[in-house]
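Here is the structure we will look at.
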Amino acid sequence: SSDPTQLNATHCIGSNPLLAMRAGALQLGRMVPLLIVSMTIAVRISARVPLIIDTDIGGGGCRDVDDVAAICMAHALADNGEVDLLAIVQNTQPPACAGAISVLNHFYGRDDLPIGAYRGKDLTPSPPLPFVDDLVANWSSPVKNTSQVSDAVHVYRRVLSAQRDHSVVISSIGLLTNLKALLTSAPDKHSHLSGRD
């Protein structure tokens with residue numbers, strides 16, 4: 001256009017190579033923070049959170065099925081690439097509860113996922129909720145009870161010693177029996193550190 005009031009930035013920049021380079025640098029300068037933010041989000045999304053579930057499934061004080069949902073959600077997060085599910089440990093006494101955990105692991109195709117059970121003597125023996133026996137009796141799984149799994153403290157120490165310091169998230173649902181036992185544990189073949197260290 002011959003009317004100077006109708007000239008826009010593109011016309012002005014297009015006629016001057018130095019202005020064009022400057023405008024390009026400004027655009028790039030505006031894009032770099034966006035690019036860095038996008039890359040950071042991508043890295044955070046792609047980083048799988050190492051996770052241990054410590055559950056009172058079918059044998060805790062609440063007497064409900066919330067732990068089944070929590071374990072299923074953990075498996076779904078693992079399937080989605082959001083977590084690296086490292087182990088599931090039982091913090092209650094009923095032997096069949098380890099079998100219920102195994103049923104859920106088997107359903108999600110994770111029979112190799114370590115299961116641990118609380119071995120302390122301070123819990124009063126009690127029957128599990130009826131759904132636990134139903135799961136173990138009617139659904140396929142390699143583990144049926146706590147006699148087939150390791151002590152939860154051994155599972156914790158083995159799994160944690162293979163991870164970076166401060167990298168593992170522990171989701172404790174119910175009793176803190178295993179965590180207390182872990183904190184008071186002594187050095188062993190898995191680590192020269194005590195539980196408190």
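By convention here, the chains of the structure tokens are called A, B, ... in the order presented, each chain's residues are numbered starting at 1, and ligands are numbered starting at 1 in the order presented.
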If DSSP is run on the backbone, what residues of region 55-169 of chain A are strand (DSSP E)? A reply as number ranges by chain would be ideal.
A: 55, 83-90, 115-117, 150-151, 169
Resulting file, chosen residues, all heavy atoms, as an mmCIF file, in the first residue's frame:
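Contents of result-v1.cif, freshly written:
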```
data_model
loop_
_atom_site.group_PDB
_atom_site.id
_atom_site.type_symbol
_atom_site.label_atom_id
_atom_site.label_comp_id
_atom_site.auth_asym_id
_atom_site.auth_seq_id
_atom_site.Cartn_x
_atom_site.Cartn_y
_atom_site.Cartn_z
ATOM 1 N N THR A 55 0.599 -52.271 52.660
ATOM 2 C CA THR A 55 -0.859 -52.359 52.763
ATOM 3 C C THR A 55 -1.353 -53.255 53.901
ATOM 4 O O THR A 55 -0.722 -54.259 54.234
ATOM 5 C CB THR A 55 -1.447 -52.886 51.436
ATOM 6 O OG1 THR A 55 -2.836 -53.121 51.578
ATOM 7 C CG2 THR A 55 -0.779 -54.174 50.986
ATOM 8 N N VAL A 83 4.597 -44.870 37.227
ATOM 9 C CA VAL A 83 5.339 -45.363 38.380
ATOM 10 C C VAL A 83 6.102 -46.624 38.007
ATOM 11 O O VAL A 83 5.747 -47.330 37.059
ATOM 12 C CB VAL A 83 4.441 -45.659 39.614
ATOM 13 C CG1 VAL A 83 3.655 -44.434 40.036
ATOM 14 C CG2 VAL A 83 3.528 -46.843 39.376
ATOM 15 N N ASP A 84 7.148 -46.879 38.769
ATOM 16 C CA ASP A 84 7.872 -48.141 38.687
ATOM 17 C C ASP A 84 7.538 -48.864 39.984
ATOM 18 O O ASP A 84 8.073 -48.540 41.042
ATOM 19 C CB ASP A 84 9.376 -47.857 38.579
ATOM 20 C CG ASP A 84 10.190 -49.128 38.416
ATOM 21 O OD1 ASP A 84 9.586 -50.204 38.215
ATOM 22 O OD2 ASP A 84 11.431 -49.048 38.496
ATOM 23 N N LEU A 85 6.607 -49.784 39.912
ATOM 24 C CA LEU A 85 6.129 -50.497 41.094
ATOM 25 C C LEU A 85 7.204 -51.491 41.524
ATOM 26 O O LEU A 85 7.496 -52.448 40.814
ATOM 27 C CB LEU A 85 4.807 -51.181 40.774
ATOM 28 C CG LEU A 85 3.974 -51.715 41.928
ATOM 29 C CD1 LEU A 85 3.740 -50.658 42.999
ATOM 30 C CD2 LEU A 85 2.639 -52.234 41.407
ATOM 31 N N LEU A 86 7.809 -51.259 42.696
ATOM 32 C CA LEU A 86 8.965 -52.029 43.137
ATOM 33 C C LEU A 86 8.609 -53.222 44.014
ATOM 34 O O LEU A 86 9.293 -54.246 43.982
ATOM 35 C CB LEU A 86 9.928 -51.126 43.912
ATOM 36 C CG LEU A 86 10.455 -49.893 43.177
ATOM 37 C CD1 LEU A 86 11.305 -49.049 44.114
ATOM 38 C CD2 LEU A 86 11.256 -50.312 41.953
ATOM 39 N N ALA A 87 7.572 -53.088 44.834
ATOM 40 C CA ALA A 87 7.185 -54.158 45.758
ATOM 41 C C ALA A 87 5.857 -53.807 46.404
ATOM 42 O O ALA A 87 5.454 -52.638 46.440
ATOM 43 C CB ALA A 87 8.243 -54.350 46.845
ATOM 44 N N ILE A 88 5.196 -54.839 46.943
ATOM 45 C CA ILE A 88 4.001 -54.652 47.763
ATOM 46 C C ILE A 88 4.208 -55.481 49.023
ATOM 47 O O ILE A 88 4.492 -56.681 48.935
ATOM 48 C CB ILE A 88 2.705 -55.068 47.037
ATOM 49 C CG1 ILE A 88 2.533 -54.256 45.752
ATOM 50 C CG2 ILE A 88 1.499 -54.894 47.960
ATOM 51 C CD1 ILE A 88 1.311 -54.644 44.917
ATOM 52 N N VAL A 89 4.095 -54.830 50.171
ATOM 53 C CA VAL A 89 4.282 -55.537 51.437
ATOM 54 C C VAL A 89 3.020 -55.431 52.285
ATOM 55 O O VAL A 89 2.308 -54.422 52.251
ATOM 56 C CB VAL A 89 5.516 -55.009 52.200
ATOM 57 C CG1 VAL A 89 6.802 -55.368 51.469
ATOM 58 C CG2 VAL A 89 5.447 -53.515 52.433
ATOM 59 N N GLN A 90 2.772 -56.482 53.029
ATOM 60 C CA GLN A 90 1.579 -56.593 53.889
ATOM 61 C C GLN A 90 1.983 -56.233 55.319
ATOM 62 O O GLN A 90 2.927 -56.796 55.857
ATOM 63 C CB GLN A 90 1.062 -58.028 53.817
ATOM 64 C CG GLN A 90 -0.010 -58.370 54.830
ATOM 65 C CD GLN A 90 -0.300 -59.869 54.859
ATOM 66 O OE1 GLN A 90 -0.063 -60.575 53.896
ATOM 67 N NE2 GLN A 90 -0.809 -60.346 55.980
ATOM 68 N N ILE A 115 6.619 -59.591 47.002
ATOM 69 C CA ILE A 115 5.619 -59.439 48.058
ATOM 70 C C ILE A 115 6.315 -59.753 49.376
ATOM 71 O O ILE A 115 7.082 -60.718 49.467
ATOM 72 C CB ILE A 115 4.435 -60.413 47.864
ATOM 73 C CG1 ILE A 115 3.715 -60.130 46.547
ATOM 74 C CG2 ILE A 115 3.457 -60.316 49.044
ATOM 75 C CD1 ILE A 115 2.637 -61.167 46.206
ATOM 76 N N GLY A 116 6.065 -58.941 50.380
ATOM 77 C CA GLY A 116 6.613 -59.196 51.706
ATOM 78 C C GLY A 116 5.494 -59.199 52.733
ATOM 79 O O GLY A 116 4.421 -58.646 52.496
ATOM 80 N N ALA A 117 5.747 -59.843 53.882
ATOM 81 C CA ALA A 117 4.734 -59.913 54.935
ATOM 82 C C ALA A 117 5.358 -59.556 56.281
ATOM 83 O O ALA A 117 6.524 -59.887 56.545
ATOM 84 C CB ALA A 117 4.122 -61.307 54.994
ATOM 85 N N SER A 150 8.660 -63.419 51.491
ATOM 86 C CA SER A 150 9.728 -62.993 52.395
ATOM 87 C C SER A 150 9.212 -62.059 53.477
ATOM 88 O O SER A 150 8.131 -61.474 53.356
ATOM 89 C CB SER A 150 10.815 -62.258 51.603
ATOM 90 O OG SER A 150 11.390 -63.089 50.644
ATOM 91 N N ASP A 151 10.011 -61.907 54.498
ATOM 92 C CA ASP A 151 9.774 -60.914 55.537
ATOM 93 C C ASP A 151 9.747 -59.533 54.864
ATOM 94 O O ASP A 151 10.612 -59.216 54.042
ATOM 95 C CB ASP A 151 10.919 -60.992 56.556
ATOM 96 C CG ASP A 151 10.743 -60.064 57.735
ATOM 97 O OD1 ASP A 151 10.323 -58.904 57.537
ATOM 98 O OD2 ASP A 151 11.046 -60.482 58.859
ATOM 99 N N VAL A 169 9.111 -43.593 46.703
ATOM 100 C CA VAL A 169 7.904 -43.190 47.423
ATOM 101 C C VAL A 169 7.313 -44.435 48.062
ATOM 102 O O VAL A 169 7.137 -45.458 47.393
ATOM 103 C CB VAL A 169 6.876 -42.539 46.471
ATOM 104 C CG1 VAL A 169 5.550 -42.295 47.184
ATOM 105 C CG2 VAL A 169 7.427 -41.247 45.894
#
```
Find the residues around Pro95 (chain A) up to 6 Å (only C-alpha atoms counted), leave out those fewer than 2 positions away in its own chain, and share them as JSON, numbers by chain.
{"A": [97, 145, 146]}
Residues at most 12 Å from Pro114 (chain A), counting only C-alpha atoms, excluding those fewer than 5 positions away in the same chain, as a count of residues only?
28
Which of region 15-195 of chain A DSSP labels helix (DSSP H, G or I), written as number ranges by chain:
A: 17-46, 66-79, 96-107, 130-138, 146-148, 152-161, 177-183
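When only C-alpha atoms are used to compute distances to Lys189 (chain A), the closest of the residues A:Ser161, A:Leu135, A:Gly58, A:Ser167 turns out to be A:Ser161.
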Would you kindly return, as a JSON list (two decimals) with C-alpha atoms, in the first residue's frame, each protein, DNA or RNA residue with an atom no farther than 6 Å from any atom of region 173-187 of chain A, considering only C-alpha atoms and excluding same-chain residues fewer than 5 positions away?
```
[["chain", "number", "residue", "atom", "x", "y", "z"],
["A", 54, "ASP", "CA", 2.68, -51.07, 52.24],
["A", 55, "THR", "CA", -0.86, -52.36, 52.76],
["A", 56, "ASP", "CA", -3.19, -53.76, 55.44],
["A", 91, "ASN", "CA", 1.60, -54.88, 57.29],
["A", 153, "VAL", "CA", 11.79, -55.89, 56.17],
["A", 192, "HIS", "CA", 25.67, -51.89, 55.50],
["A", 193, "LEU", "CA", 23.28, -49.18, 56.71],
["A", 194, "SER", "CA", 20.86, -49.54, 59.58],
["A", 195, "GLY", "CA", 17.17, -48.93, 58.95],
["A", 196, "ARG", "CA", 17.36, -45.46, 60.46]]
```
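Across A:Leu160, A:Ala96, A:Leu104, A:Pro128, the tightest approach to Gly60 (chain A) is made by A:Pro128 when counting only C-alpha atoms.
Between CA of Ile57 (chain A) and CA of Gly99 (chain A) there is a distance of 10.3 Å.
Restricting the calculation to only C-alpha atoms, the smallest distance between Val65 (chain A) and any of A:Ala78, A:Ala100, A:Leu51, A:Val168 is found for A:Ala100.
Separating CA of Arg110 (chain A) from CA of Pro127 (chain A) is a distance of 26.4 Å.
Closest approach to Arg48 (chain A) among A:Asp67, A:Val132, A:Asn80, A:His190: A:Asn80, based on only C-alpha atoms.
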One residue among A:Tyr108, A:Gln93, A:Asp134, A:Arg164 is nearest to Asp79 (chain A) when using only C-alpha atoms, and that residue is A:Tyr108
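If you look at CA of Gly120 (chain A) and CA of Ser191 (chain A), they are 21.0 Å away from each other.
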